[in-house]
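Heads up, start_35.txt below (compact mmCIF, C-alpha atoms):
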# COMPACT_ATOMS: atom_id res chain seq x y z
CA MET L 1 118.36 116.69 125.37
CA ASP L 2 118.95 113.43 127.17
CA PHE L 3 122.63 112.77 126.51
CA ASP L 4 122.69 109.73 128.81
CA LEU L 5 120.14 108.01 126.61
CA MET L 6 122.20 108.86 123.55
CA PHE L 7 125.29 107.27 125.10
CA THR L 8 123.51 104.16 126.30
CA SER L 9 121.61 103.58 123.08
CA PHE L 10 124.65 104.03 120.86
CA PRO L 11 126.14 100.52 121.44
CA LYS L 12 122.70 98.93 121.00
CA LEU L 13 122.19 100.76 117.74
CA LEU L 14 125.71 99.92 116.60
CA GLY L 15 124.97 96.24 117.22
CA ALA L 16 121.84 96.55 115.12
CA THR L 17 123.88 98.17 112.35
CA VAL L 18 125.53 94.79 111.82
CA VAL L 19 122.13 93.33 110.89
CA THR L 20 121.53 96.24 108.50
CA LEU L 21 124.93 95.72 106.87
CA LYS L 22 124.35 91.98 106.54
CA LEU L 23 120.99 92.55 104.86
CA LEU L 24 122.50 95.17 102.60
CA SER L 25 125.53 93.18 101.49
CA ALA L 26 123.57 89.98 100.89
CA SER L 27 120.89 91.69 98.81
CA LEU L 28 123.43 93.73 96.84
CA PHE L 29 125.48 90.62 96.11
CA PHE L 30 122.56 88.55 94.81
CA GLY L 31 120.91 91.60 93.27
CA LEU L 32 123.95 92.37 91.13
CA PHE L 33 123.83 88.93 89.49
CA LEU L 34 120.08 89.13 89.07
CA GLY L 35 120.40 92.60 87.59
CA LEU L 36 123.10 91.52 85.16
CA PHE L 37 121.01 88.51 84.13
CA PHE L 38 117.92 90.63 83.43
CA ALA L 39 119.96 93.36 81.72
CA ILE L 40 121.23 90.72 79.27
CA LEU L 41 117.65 89.47 78.76
CA ARG L 42 116.56 93.05 78.03
CA LEU L 43 119.12 93.29 75.24
CA ASN L 44 117.91 90.01 73.74
CA LYS L 45 116.26 90.35 70.32
CA ASN L 46 113.53 87.82 71.10
CA ILE L 47 110.48 89.95 71.91
CA PHE L 48 109.09 87.56 74.57
CA ILE L 49 112.33 87.36 76.54
CA ASN L 50 112.70 91.12 76.16
CA LYS L 51 109.16 91.86 77.36
CA PHE L 52 109.50 89.43 80.25
CA ALA L 53 112.58 91.26 81.53
CA TYR L 54 110.86 94.61 81.03
CA GLY L 55 107.80 93.39 82.93
CA TYR L 56 109.97 92.26 85.83
CA SER L 57 111.69 95.61 86.19
CA TYR L 58 108.44 97.52 85.64
CA VAL L 59 106.56 95.67 88.38
CA PHE L 60 109.35 95.87 90.94
CA ARG L 61 110.10 99.53 90.25
CA GLY L 62 106.44 100.52 90.14
CA THR L 63 105.38 99.10 93.50
CA PRO L 64 106.58 100.06 96.99
CA LEU L 65 109.22 97.85 98.57
CA LEU L 66 106.91 97.42 101.56
CA VAL L 67 104.31 95.65 99.40
CA GLN L 68 106.97 93.35 98.01
CA ILE L 69 108.19 92.35 101.46
CA PHE L 70 104.64 91.76 102.69
CA ILE L 71 103.74 89.61 99.67
CA ILE L 72 106.81 87.45 100.23
CA TYR L 73 106.66 87.26 104.02
CA PHE L 74 102.90 87.14 104.69
CA GLY L 75 101.61 86.10 101.27
CA LEU L 76 103.75 83.19 100.16
CA GLY L 77 103.30 81.34 103.44
CA GLN L 78 99.65 81.00 102.55
CA ILE L 79 100.30 78.63 99.64
CA GLU L 80 99.95 75.12 101.04
CA TYR L 81 102.16 73.61 98.39
CA LEU L 82 105.08 75.87 99.29
CA ARG L 83 104.87 74.82 102.89
CA SER L 84 105.63 71.22 101.96
CA THR L 85 108.70 71.98 99.85
CA PHE L 86 112.21 72.75 101.00
CA LEU L 87 111.56 76.41 100.09
CA TRP L 88 109.60 76.71 103.31
CA VAL L 89 112.80 76.40 105.32
CA VAL L 90 113.87 79.68 103.74
CA LEU L 91 110.48 81.41 103.51
CA LYS L 92 109.51 80.99 107.14
CA GLU L 93 112.48 83.08 108.23
CA PRO L 94 111.81 86.83 108.11
CA TYR L 95 115.54 87.35 107.56
CA TRP L 96 115.55 85.44 104.28
CA CYS L 97 112.22 86.87 103.17
CA ALA L 98 113.66 90.35 103.58
CA ILE L 99 116.78 89.41 101.63
CA ILE L 100 114.66 87.87 98.82
CA ALA L 101 112.49 90.99 98.59
CA PHE L 102 115.49 93.35 98.65
CA THR L 103 117.32 91.23 96.07
CA LEU L 104 114.36 91.23 93.68
CA ASN L 105 113.93 94.98 94.18
CA THR L 106 117.54 96.00 93.74
CA GLY L 107 117.84 93.50 90.87
CA ALA L 108 115.14 95.40 88.98
CA TYR L 109 116.87 98.77 89.43
CA THR L 110 120.30 97.30 88.71
CA SER L 111 119.06 95.72 85.49
CA GLU L 112 117.88 99.14 84.29
CA ILE L 113 121.19 100.75 85.23
CA LEU L 114 123.23 98.06 83.48
CA ARG L 115 120.98 98.00 80.42
CA SER L 116 121.41 101.71 79.83
CA ALA L 117 125.15 101.30 80.41
CA PHE L 118 125.33 98.55 77.77
CA GLN L 119 123.33 100.66 75.36
CA THR L 120 125.58 103.68 75.69
CA ILE L 121 128.69 101.72 74.70
CA LYS L 122 129.78 103.11 71.36
CA PRO L 123 129.22 100.56 68.56
CA GLY L 124 132.66 101.45 67.23
CA ILE L 125 134.28 99.78 70.23
CA ILE L 126 132.48 96.50 69.57
CA GLU L 127 133.21 96.77 65.84
CA ALA L 128 136.87 97.35 66.60
CA GLY L 129 136.87 94.16 68.66
CA LYS L 130 135.19 92.24 65.86
CA SER L 131 137.60 93.49 63.22
CA LEU L 132 140.47 92.33 65.41
CA GLY L 133 138.97 88.85 65.18
CA ILE L 134 138.00 88.62 68.85
CA SER L 135 135.13 86.20 69.49
CA ASN L 136 131.74 87.54 70.55
CA LYS L 137 132.07 85.94 73.96
CA ILE L 138 135.41 87.59 74.69
CA ILE L 139 134.08 90.92 73.37
CA PHE L 140 131.22 90.65 75.83
CA TYR L 141 133.26 89.64 78.86
CA LYS L 142 136.43 91.61 78.24
CA ILE L 143 135.13 94.73 76.50
CA GLN L 144 131.43 95.32 77.09
CA ILE L 145 131.20 94.31 80.75
CA PRO L 146 134.16 96.37 82.02
CA ILE L 147 132.97 99.46 80.13
CA ALA L 148 129.40 98.96 81.32
CA ILE L 149 130.55 98.64 84.94
CA ARG L 150 132.50 101.89 84.70
CA GLN L 151 129.56 103.65 83.04
CA SER L 152 127.09 102.51 85.64
CA LEU L 153 129.20 103.31 88.72
CA PRO L 154 127.58 106.68 89.60
CA ALA L 155 124.03 105.36 89.17
CA TYR L 156 124.87 102.16 91.00
CA GLY L 157 126.31 104.16 93.88
CA ASN L 158 122.93 105.87 94.24
CA GLU L 159 121.25 102.49 94.13
CA ILE L 160 123.46 101.20 96.97
CA ILE L 161 122.46 104.19 99.11
CA LEU L 162 118.77 103.72 98.24
CA MET L 163 119.04 100.05 99.11
CA MET L 164 120.72 100.86 102.42
CA LYS L 165 117.74 103.03 103.25
CA GLY L 166 115.45 100.29 101.95
CA THR L 167 116.82 97.77 104.45
CA SER L 168 115.05 99.80 107.16
CA LEU L 169 111.82 98.13 105.99
CA ALA L 170 113.11 94.85 107.41
CA SER L 171 111.94 96.21 110.75
CA THR L 172 108.33 95.82 109.55
CA VAL L 173 108.74 92.04 109.40
CA THR L 174 110.03 91.80 112.99
CA LEU L 175 113.76 92.02 112.18
CA MET L 176 115.78 94.10 114.62
CA ASP L 177 117.90 96.12 112.25
CA LEU L 178 119.07 99.67 112.93
CA THR L 179 115.62 101.17 112.35
CA GLY L 180 113.92 98.34 114.24
CA VAL L 181 116.04 98.89 117.35
CA ALA L 182 115.68 102.67 117.02
CA LYS L 183 111.92 102.30 116.93
CA TYR L 184 112.02 99.98 119.93
CA ILE L 185 114.08 102.46 121.97
CA ILE L 186 111.82 105.36 120.91
CA SER L 187 108.64 103.52 121.86
CA THR L 188 110.01 102.54 125.28
CA THR L 189 111.60 105.87 126.23
CA PHE L 190 109.48 108.34 124.21
CA LYS L 191 112.58 110.32 123.32
CA PRO L 192 112.35 110.32 119.52
CA ILE L 193 114.74 113.19 118.84
CA GLU L 194 117.72 111.79 120.76
CA VAL L 195 117.37 108.35 119.17
CA PHE L 196 116.84 109.86 115.74
CA ILE L 197 120.07 111.83 116.04
CA VAL L 198 122.10 108.74 116.95
CA ALA L 199 120.47 106.32 114.46
CA GLY L 200 120.33 108.95 111.73
CA GLY L 201 123.98 109.72 112.39
CA ILE L 202 124.92 106.10 111.85
CA TYR L 203 122.94 105.98 108.60
CA LEU L 204 124.52 109.23 107.44
CA PHE L 205 127.97 107.89 108.22
CA MET L 206 127.27 104.80 106.08
CA THR L 207 125.96 107.02 103.26
CA PHE L 208 129.11 109.10 103.52
CA VAL L 209 131.37 106.04 103.32
CA ILE L 210 129.50 104.52 100.36
CA HIS L 211 129.48 107.86 98.55
CA ASN L 212 133.23 108.28 98.93
CA VAL L 213 134.12 104.71 98.02
CA ILE L 214 132.12 105.05 94.79
CA LYS L 215 133.75 108.40 94.08
CA TYR L 216 137.18 106.81 94.57
CA LEU L 217 136.29 103.91 92.26
CA GLU L 218 134.96 106.32 89.63
CA LYS L 219 138.23 108.19 89.69
CA LYS L 220 140.28 105.03 89.62
CA TYR L 221 138.47 103.54 86.63
CA SER L 222 137.92 106.77 84.70
CA PHE L 223 138.90 106.73 81.04
CA GLN L 224 141.34 109.61 81.27
CA GLN L 225 144.22 108.65 83.48
CA MET W 1 86.37 88.25 93.20
CA GLU W 2 83.80 88.13 95.99
CA LEU W 3 86.47 89.58 98.22
CA LEU W 4 86.49 92.74 96.14
CA ALA W 5 82.72 93.25 96.11
CA PHE W 6 81.49 96.70 97.04
CA GLY W 7 79.30 97.01 100.12
CA LYS W 8 79.31 95.02 103.30
CA THR W 9 80.30 91.67 101.83
CA GLY W 10 83.58 92.68 100.22
CA TRP W 11 86.54 94.99 100.46
CA GLY W 12 86.03 96.80 97.16
CA ASP W 13 84.73 100.09 98.53
CA GLU W 14 87.21 100.13 101.41
CA LEU W 15 90.10 99.64 99.01
CA PHE W 16 88.67 102.28 96.69
CA TYR W 17 88.59 104.87 99.48
CA ALA W 18 92.04 103.75 100.60
CA THR W 19 93.31 104.43 97.08
CA LEU W 20 91.81 107.91 97.20
CA MET W 21 93.55 108.39 100.55
CA THR W 22 96.89 107.37 99.05
CA ILE W 23 96.39 109.87 96.23
CA ALA W 24 95.38 112.59 98.73
CA VAL W 25 98.43 111.99 100.95
CA SER W 26 100.78 111.86 97.96
CA VAL W 27 99.46 115.11 96.48
CA THR W 28 99.56 116.88 99.86
CA ALA W 29 103.06 115.58 100.52
CA MET W 30 104.21 116.69 97.08
CA LEU W 31 102.82 120.20 97.72
CA VAL W 32 104.43 120.34 101.19
CA GLY W 33 107.61 119.26 99.43
CA PHE W 34 107.33 122.13 96.95
CA LEU W 35 106.93 124.50 99.86
CA PHE W 36 110.15 123.18 101.40
CA ALA W 37 111.87 123.32 98.02
CA LEU W 38 110.77 126.94 97.68
CA ILE W 39 112.56 127.73 100.95
CA PHE W 40 115.65 125.57 100.56
CA THR W 41 116.48 125.97 96.85
CA PRO W 42 117.35 129.68 97.27
CA LEU W 43 119.42 128.74 100.34
CA LYS W 44 121.40 126.20 98.34
CA LEU W 45 122.01 128.71 95.55
CA SER W 46 122.81 131.59 97.88
CA LYS W 47 126.24 133.25 97.94
CA TYR W 48 126.38 133.10 101.72
CA LYS W 49 128.18 130.07 103.16
CA THR W 50 125.94 129.78 106.24
CA LEU W 51 122.76 129.71 104.15
CA ASN W 52 124.42 127.19 101.83
CA PHE W 53 125.21 125.03 104.81
CA VAL W 54 121.61 125.08 106.04
CA GLY W 55 120.35 124.08 102.58
CA ASN W 56 122.92 121.32 102.17
CA PHE W 57 122.29 120.05 105.69
CA TYR W 58 118.59 119.58 104.92
CA THR W 59 119.04 117.72 101.64
CA THR W 60 121.97 115.60 102.85
CA VAL W 61 120.36 114.48 106.09
CA ILE W 62 116.94 113.73 104.62
CA ARG W 63 118.31 111.91 101.60
CA GLY W 64 120.79 109.93 103.69
CA VAL W 65 118.42 108.68 106.38
CA PRO W 66 115.75 106.01 105.78
CA GLU W 67 112.23 107.32 105.16
CA LEU W 68 110.86 105.01 107.84
CA LEU W 69 113.10 106.57 110.50
CA VAL W 70 111.89 110.06 109.55
CA ILE W 71 108.29 108.86 109.79
CA TYR W 72 108.93 107.38 113.24
CA LEU W 73 110.47 110.69 114.32
CA PHE W 74 107.31 112.53 113.31
CA PHE W 75 104.95 109.85 114.54
CA PHE W 76 106.44 109.70 118.02
CA GLY W 77 107.84 113.23 118.20
CA GLY W 78 105.24 115.23 116.30
CA SER W 79 102.69 115.85 119.00
CA GLY W 80 105.44 116.33 121.59
CA ALA W 81 107.01 119.10 119.53
CA ILE W 82 103.65 120.79 118.92
CA MET W 83 102.83 120.57 122.64
CA TYR W 84 106.21 122.07 123.51
CA VAL W 85 105.54 125.03 121.22
CA ALA W 86 102.02 125.34 122.61
CA SER W 87 103.34 125.31 126.19
CA ILE W 88 105.42 128.39 125.42
CA PHE W 89 102.14 130.14 124.62
CA GLY W 90 100.61 128.82 127.82
CA TYR W 91 98.59 125.91 126.49
CA TYR W 92 99.18 122.69 128.42
CA GLU W 93 96.44 120.33 127.19
CA TYR W 94 97.32 117.16 125.30
CA ILE W 95 97.36 117.77 121.57
CA GLU W 96 97.08 114.90 119.14
CA ILE W 97 97.87 115.49 115.49
CA ASN W 98 95.97 113.28 113.12
CA ALA W 99 97.75 110.62 111.11
CA PHE W 100 97.06 112.33 107.80
CA ILE W 101 98.92 115.50 108.76
CA THR W 102 101.81 113.61 110.39
CA GLY W 103 102.18 111.42 107.30
CA ALA W 104 101.80 114.18 104.75
CA VAL W 105 104.34 116.40 106.54
CA ALA W 106 106.85 113.58 107.07
CA ILE W 107 106.66 112.42 103.45
CA GLY W 108 106.51 116.05 102.33
CA ILE W 109 109.81 116.85 104.02
CA ILE W 110 111.40 113.84 102.33
CA SER W 111 109.94 114.70 98.94
CA GLY W 112 110.99 118.33 99.48
CA ALA W 113 114.64 117.32 99.75
CA TYR W 114 114.45 115.58 96.38
CA SER W 115 112.51 118.47 94.82
CA THR W 116 115.10 120.94 96.12
CA GLU W 117 117.84 119.04 94.32
CA VAL W 118 115.76 118.96 91.13
CA PHE W 119 115.05 122.71 91.20
CA ARG W 120 118.65 123.53 92.03
CA GLY W 121 119.84 121.47 89.07
CA ALA W 122 117.25 123.02 86.76
CA ILE W 123 118.06 126.62 87.74
CA GLN W 124 121.79 126.00 87.45
CA SER W 125 121.42 124.64 83.94
CA ILE W 126 119.64 127.76 82.68
CA ASP W 127 122.00 129.87 80.60
CA LYS W 128 123.50 132.75 82.60
CA GLY W 129 122.74 135.10 79.73
CA GLN W 130 119.04 134.72 80.44
CA PHE W 131 119.44 136.23 83.92
CA GLU W 132 121.64 139.01 82.58
CA ALA W 133 119.35 139.79 79.65
CA ALA W 134 116.36 140.03 81.97
CA LYS W 135 118.30 142.40 84.22
CA VAL W 136 119.43 144.56 81.30
CA LEU W 137 115.85 144.86 80.04
CA GLY W 138 114.93 146.30 83.42
CA ILE W 139 112.45 143.57 84.29
CA SER W 140 111.54 143.52 87.97
CA LYS W 141 112.95 140.78 90.19
CA PHE W 142 109.53 139.17 90.44
CA GLY W 143 109.00 139.32 86.69
CA GLN W 144 112.46 137.88 86.09
CA PHE W 145 111.71 134.85 88.14
CA TYR W 146 108.07 134.38 87.22
CA LYS W 147 108.16 135.09 83.49
CA ILE W 148 111.66 134.11 82.45
CA ILE W 149 113.34 131.70 84.83
CA LEU W 150 110.33 129.67 85.97
CA PRO W 151 109.00 128.61 82.53
CA GLN W 152 112.46 127.53 81.41
CA MET W 153 113.14 125.82 84.71
CA LEU W 154 109.89 123.86 84.63
CA ARG W 155 110.70 122.36 81.26
CA LEU W 156 114.00 121.06 82.62
CA ALA W 157 112.55 120.04 85.97
CA ILE W 158 109.45 118.12 84.92
CA PRO W 159 111.11 114.83 83.91
CA ASN W 160 112.96 114.74 87.26
CA LEU W 161 109.93 115.90 89.21
CA SER W 162 108.09 112.96 87.71
CA ASN W 163 110.66 110.72 89.41
CA VAL W 164 110.15 112.58 92.68
CA TRP W 165 106.40 112.03 92.33
CA GLN W 166 106.90 108.28 91.82
CA ILE W 167 109.17 108.12 94.89
CA THR W 168 106.64 110.11 96.95
CA LEU W 169 103.76 107.92 95.83
CA LYS W 170 105.62 104.78 96.85
CA ASP W 171 106.82 106.31 100.11
CA THR W 172 103.25 106.90 101.24
CA SER W 173 102.96 103.13 101.75
CA LEU W 174 105.26 103.63 104.77
CA ILE W 175 102.70 105.86 106.49
CA SER W 176 100.67 102.71 107.09
CA VAL W 177 102.86 102.16 110.19
CA THR W 178 101.21 105.20 111.77
CA GLY W 179 97.73 103.76 111.26
CA LEU W 180 96.50 106.01 108.46
CA VAL W 181 94.16 103.89 106.35
CA GLU W 182 95.68 104.08 102.88
CA ILE W 183 96.16 101.21 100.41
CA MET W 184 98.77 99.37 102.48
CA ARG W 185 96.95 99.72 105.81
CA GLN W 186 93.61 98.70 104.29
CA SER W 187 95.22 95.64 102.69
CA TYR W 188 96.74 94.78 106.05
CA ILE W 189 93.33 94.99 107.73
CA ALA W 190 91.64 93.02 104.96
CA ALA W 191 94.41 90.41 104.95
CA GLY W 192 94.09 90.02 108.70
CA SER W 193 90.35 89.52 108.74
CA THR W 194 90.09 87.24 105.69
CA ARG W 195 93.34 85.33 106.24
CA ASP W 196 94.18 85.95 102.62
CA PRO W 197 97.32 88.14 102.63
CA LEU W 198 98.62 86.90 99.28
CA PHE W 199 95.54 88.14 97.44
CA PHE W 200 95.25 91.49 99.19
CA TYR W 201 98.92 92.43 99.05
CA SER W 202 99.07 91.41 95.39
CA PHE W 203 96.00 93.55 94.79
CA ALA W 204 97.72 96.44 96.60
CA ALA W 205 100.68 95.98 94.27
CA VAL W 206 98.31 96.16 91.28
CA LEU W 207 96.76 99.37 92.65
CA TYR W 208 100.19 100.97 93.03
CA LEU W 209 101.16 99.88 89.53
CA LEU W 210 97.98 101.44 88.21
CA LEU W 211 98.67 104.69 90.04
CA THR W 212 102.25 104.89 88.76
CA TYR W 213 101.11 104.00 85.23
CA ILE W 214 98.35 106.61 85.11
CA SER W 215 100.49 109.34 86.64
CA MET W 216 103.26 108.60 84.14
CA LYS W 217 100.82 109.07 81.25
CA LEU W 218 99.60 112.37 82.70
CA ILE W 219 103.10 113.67 83.34
CA ASN W 220 104.13 112.81 79.78
CA LYS W 221 101.37 115.13 78.57
CA LEU W 222 102.66 117.91 80.84
CA GLU W 223 106.14 117.34 79.52
CA VAL W 224 104.92 117.81 75.94
CA LYS W 225 103.09 120.96 76.97
CA TYR W 226 106.12 122.57 78.59
CA SER W 227 108.55 121.66 75.83
CA ARG W 228 106.58 123.31 73.09
CA GLY W 229 108.86 125.62 71.19
CA TYR W 230 111.79 123.23 71.50
Would you write out, as C-alpha cells, the structure that this file holds?
Amino acid sequence: MDFDLMFTSFPKLLGATVVTLKLLSASLFFGLFLGLFFAILRLNKNIFINKFAYGYSYVFRGTPLLVQIFIIYFGLGQIEYLRSTFLWVVLKEPYWCAIIAFTLNTGAYTSEILRSAFQTIKPGIIEAGKSLGISNKIIFYKIQIPIAIRQSLPAYGNEIILMMKGTSLASTVTLMDLTGVAKYIISTTFKPIEVFIVAGGIYLFMTFVIHNVIKYLEKKYSFQQ
Amino acid sequence: MELLAFGKTGWGDELFYATLMTIAVSVTAMLVGFLFALIFTPLKLSKYKTLNFVGNFYTTVIRGVPELLVIYLFFFGGSGAIMYVASIFGYYEYIEINAFITGAVAIGIISGAYSTEVFRGAIQSIDKGQFEAAKVLGISKFGQFYKIILPQMLRLAIPNLSNVWQITLKDTSLISVTGLVEIMRQSYIAAGSTRDPLFFYSFAAVLYLLLTYISMKLINKLEVKYSRGY
C-alpha cells in the first residue's frame, strides 16, 4: 500500500469530482424535462406520437451509453452541414457532447419511470378532480404531476445513481472527470489499487449521499404523515 | 453498403465476428456473475453479522462505483495481482492475462453484484412455509434447495435476471477500452480507417439493439416456461 500516493492523489481526484458533479447535474436537469416531455407523449392517444416516444426510449435504453457518446462526439462532426451551423459551436466541445448524450440517455429512462408513475395513479383521483369541476389543466399540474413525482422517487433515485456512474464515460471523450483523472494517475504510477480505493471511495460517498437524500424526500412526501 | 461487404473490401465479416465476441464475453461474464452470486447470496442471507457484512460490502461497492473504474482496476491491476500470487509460489516471470479474461471477469464481478441482489430478493419472497414443509418431510438439505427452493426462485428471478443480462450486454461495450475486439472496438477501428464514424457507430447501435431485442424474445419464452402452473 502506497499511502503517500493516496494522500497526494486525493486533492486531484476531488478537483475532478467537480467536473463529474457538473456533468451529472446538467444532464439530470435537462434530462428531467426531456423525460417529462416524452412521458406525456407516451400517454398521448395518437398512435404516431405514442410510437415515436416509445421508439426514442427503446433505442436509448437498448444501446450502450458509450455508443451514444461516440455517435454524438465522433459521428455528428462528420456531417458537413452541421459544421456550418451554430450547432457546431456546441458539438465541437466534448463537454457539451457528453452532456447531450447523458441528457438523451437519462431522458429515455426518466420518461419510462414517469410514464409508469402516471399510469399507476388511481383513476378515482382524477375523477374526483373532475367532479369537483377542476379544469383538466389544473388536474394535470396540481394533482397528477405531484402524485407522479412522489411515485417515481425511488426509481428516479436509482436513475440518479446510474447516471452518476454513467458520467464516468465522459473520460472516453477526453474529459478529465473523476474516472478520467483516476485513469491518468493509474497509468502514470501503475498503482491501480490505491487509486481505485480513493476514487471508488469518492463515488461511494456520492452514492451514499444521493441514496439518503432520496430516502429523506420519500419520507417527507409519503402519503401517510 | 459497400462498407459492410464481407471479405477484404468491407467490414461485414469483421463486425460479424465482433458481434460473436460481444455475445461470448456477455455470456461468460453472466456465468462468472452467477458464480459470484452463488457465493455472495448465502453470505447476504446468513445469520452471522460478519458474513452479512462481507456480502453487503461486495454488492454496495460494486453497484456504487462506475463500471469503467472497475474495468480499469482489472486492466491495470489484473496481471500485477496474478504475478504477486505467482511470486508467492516462486514464479517470477511476467504474466499477461488476455483481454477476454480480464473483461469477462471484470464485467462478471459487476453482473454478479446485480445477480446477488436478484437472488436474495427472490429467495426472501418465497413463503417461509415452503422451507419448513421441506424440512418436516425430511428432505435432505440438497434436495430442499435443488427441488423446492430453486424452481420457485427461478420463476421469481427470471424477469429481473433479464434486466441484469441487458445491463451486462451493454456493459461489455466498455471492455473496448482494454483493446478486446468486440462490437465497439471493431467499430472504432473501422471508423478510424474509413473516416466514417457516424456510419459505423450507428451500425454498432443497431447491432446492440438487435442483440437486446433477440435476447428479450428468448427470455420471454423462458419466463413462460418457468411460470407454468401459475
Worksheet item: Any idea which chain W residues end up within 8 Å of chain L if we count only C-alpha atoms, as a ChimeraX atom specification please?
Response: /W:61,64-70,72-73,76-77,166,170-171,173-174,184,196-199,201-202,204-206,208-209,212
Item to complete: Pick out the closest residue to Gly107 of chain L from this set: L:Ile145, L:Thr188, L:Phe3, L:Phe33. Count only C-alpha atoms.
Response: L:Phe33
Worksheet entry | Residues within 8 Å of segment 40-46 of chain W, all atoms listed in the file, excluding chain neighbours under 3 positions, as a VMD selection string | chain W and resid 36 to 37 49 51 to 56 58 116 to 117 119 to 120
Worksheet item: In Å, with one decimal, what is the gap from atom CA of Ala128 of chain L to atom CA of Ile214 of chain L?
Response: 29.6 Å
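Atom CA of Asn46 of chain L sits 24.4 Å away from atom CA of Ile147 of chain L.
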Practice prompt. List the neighbours of segment 18-33 of chain W out to 8 Å using only C-alpha atoms; skip same-chain residues closer than 3 positions along the sequence, and give me the result as a PyMOL selection string.
Written response: chain W and resi 14-15+36-37+100+103-113+115+165+168-169+172-173+181-183+186+207
Worksheet item: Got a sec: who's within 12 Å of Gln119 of chain L, counting only C-alpha atoms, leaving out chain neighbours fewer than 3 positions off, as number ranges by chain?
Response: L: 39-40, 42-43, 112-116, 122-123, 126, 144-145, 147-148, 151-152
Quick one: write out the picked residues with C-alpha atoms as a JSON list (two decimals), in the frame of the given file?
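again39.json was written with the following content:
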[["chain", "number", "residue", "atom", "x", "y", "z"],
["L", 39, "ALA", "CA", 119.96, 93.36, 81.72],
["L", 40, "ILE", "CA", 121.23, 90.72, 79.27],
["L", 42, "ARG", "CA", 116.56, 93.05, 78.03],
["L", 43, "LEU", "CA", 119.12, 93.29, 75.24],
["L", 112, "GLU", "CA", 117.88, 99.14, 84.29],
["L", 113, "ILE", "CA", 121.19, 100.75, 85.23],
["L", 114, "LEU", "CA", 123.23, 98.06, 83.48],
["L", 115, "ARG", "CA", 120.98, 98.00, 80.42],
["L", 116, "SER", "CA", 121.41, 101.71, 79.83],
["L", 122, "LYS", "CA", 129.78, 103.11, 71.36],
["L", 123, "PRO", "CA", 129.22, 100.56, 68.56],
["L", 126, "ILE", "CA", 132.48, 96.50, 69.57],
["L", 144, "GLN", "CA", 131.43, 95.32, 77.09],
["L", 145, "ILE", "CA", 131.20, 94.31, 80.75],
["L", 147, "ILE", "CA", 132.97, 99.46, 80.13],
["L", 148, "ALA", "CA", 129.40, 98.96, 81.32],
["L", 151, "GLN", "CA", 129.56, 103.65, 83.04],
["L", 152, "SER", "CA", 127.09, 102.51, 85.64]]
Take segment 192-204 of chain W, model N, CA and C atoms, and hand the result over as a short mmCIF file (atom, residue, chain, number, x, y, z; two decimals), in the coordinates of the input.
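Below you can see part-v7.cif, which holds the result:
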data_model
loop_
_atom_site.label_atom_id
_atom_site.label_comp_id
_atom_site.auth_asym_id
_atom_site.auth_seq_id
_atom_site.Cartn_x
_atom_site.Cartn_y
_atom_site.Cartn_z
N GLY W 192 94.23 90.57 107.35
CA GLY W 192 94.09 90.02 108.70
C GLY W 192 92.73 89.40 108.93
N SER W 193 91.67 90.03 108.42
CA SER W 193 90.35 89.52 108.74
C SER W 193 89.90 88.42 107.79
N THR W 194 90.50 88.31 106.61
CA THR W 194 90.09 87.24 105.69
C THR W 194 91.10 86.10 105.66
N ARG W 195 92.24 86.29 106.30
CA ARG W 195 93.34 85.33 106.24
C ARG W 195 93.79 85.07 104.80
N ASP W 196 93.77 86.12 104.00
CA ASP W 196 94.18 85.95 102.62
C ASP W 196 95.19 87.04 102.23
N PRO W 197 96.37 87.06 102.90
CA PRO W 197 97.32 88.14 102.63
C PRO W 197 97.84 88.15 101.20
N LEU W 198 98.05 86.96 100.63
CA LEU W 198 98.62 86.90 99.28
C LEU W 198 97.76 87.69 98.31
N PHE W 199 96.44 87.45 98.36
CA PHE W 199 95.54 88.14 97.44
C PHE W 199 95.53 89.64 97.67
N PHE W 200 95.41 90.06 98.94
CA PHE W 200 95.25 91.49 99.19
C PHE W 200 96.53 92.28 98.94
N TYR W 201 97.68 91.70 99.32
CA TYR W 201 98.92 92.43 99.05
C TYR W 201 99.22 92.47 97.57
N SER W 202 98.88 91.38 96.85
CA SER W 202 99.07 91.41 95.39
C SER W 202 98.16 92.46 94.78
N PHE W 203 96.93 92.56 95.31
CA PHE W 203 96.00 93.55 94.79
C PHE W 203 96.52 94.96 95.08
N ALA W 204 97.12 95.13 96.27
CA ALA W 204 97.72 96.44 96.60
C ALA W 204 98.81 96.77 95.59
#
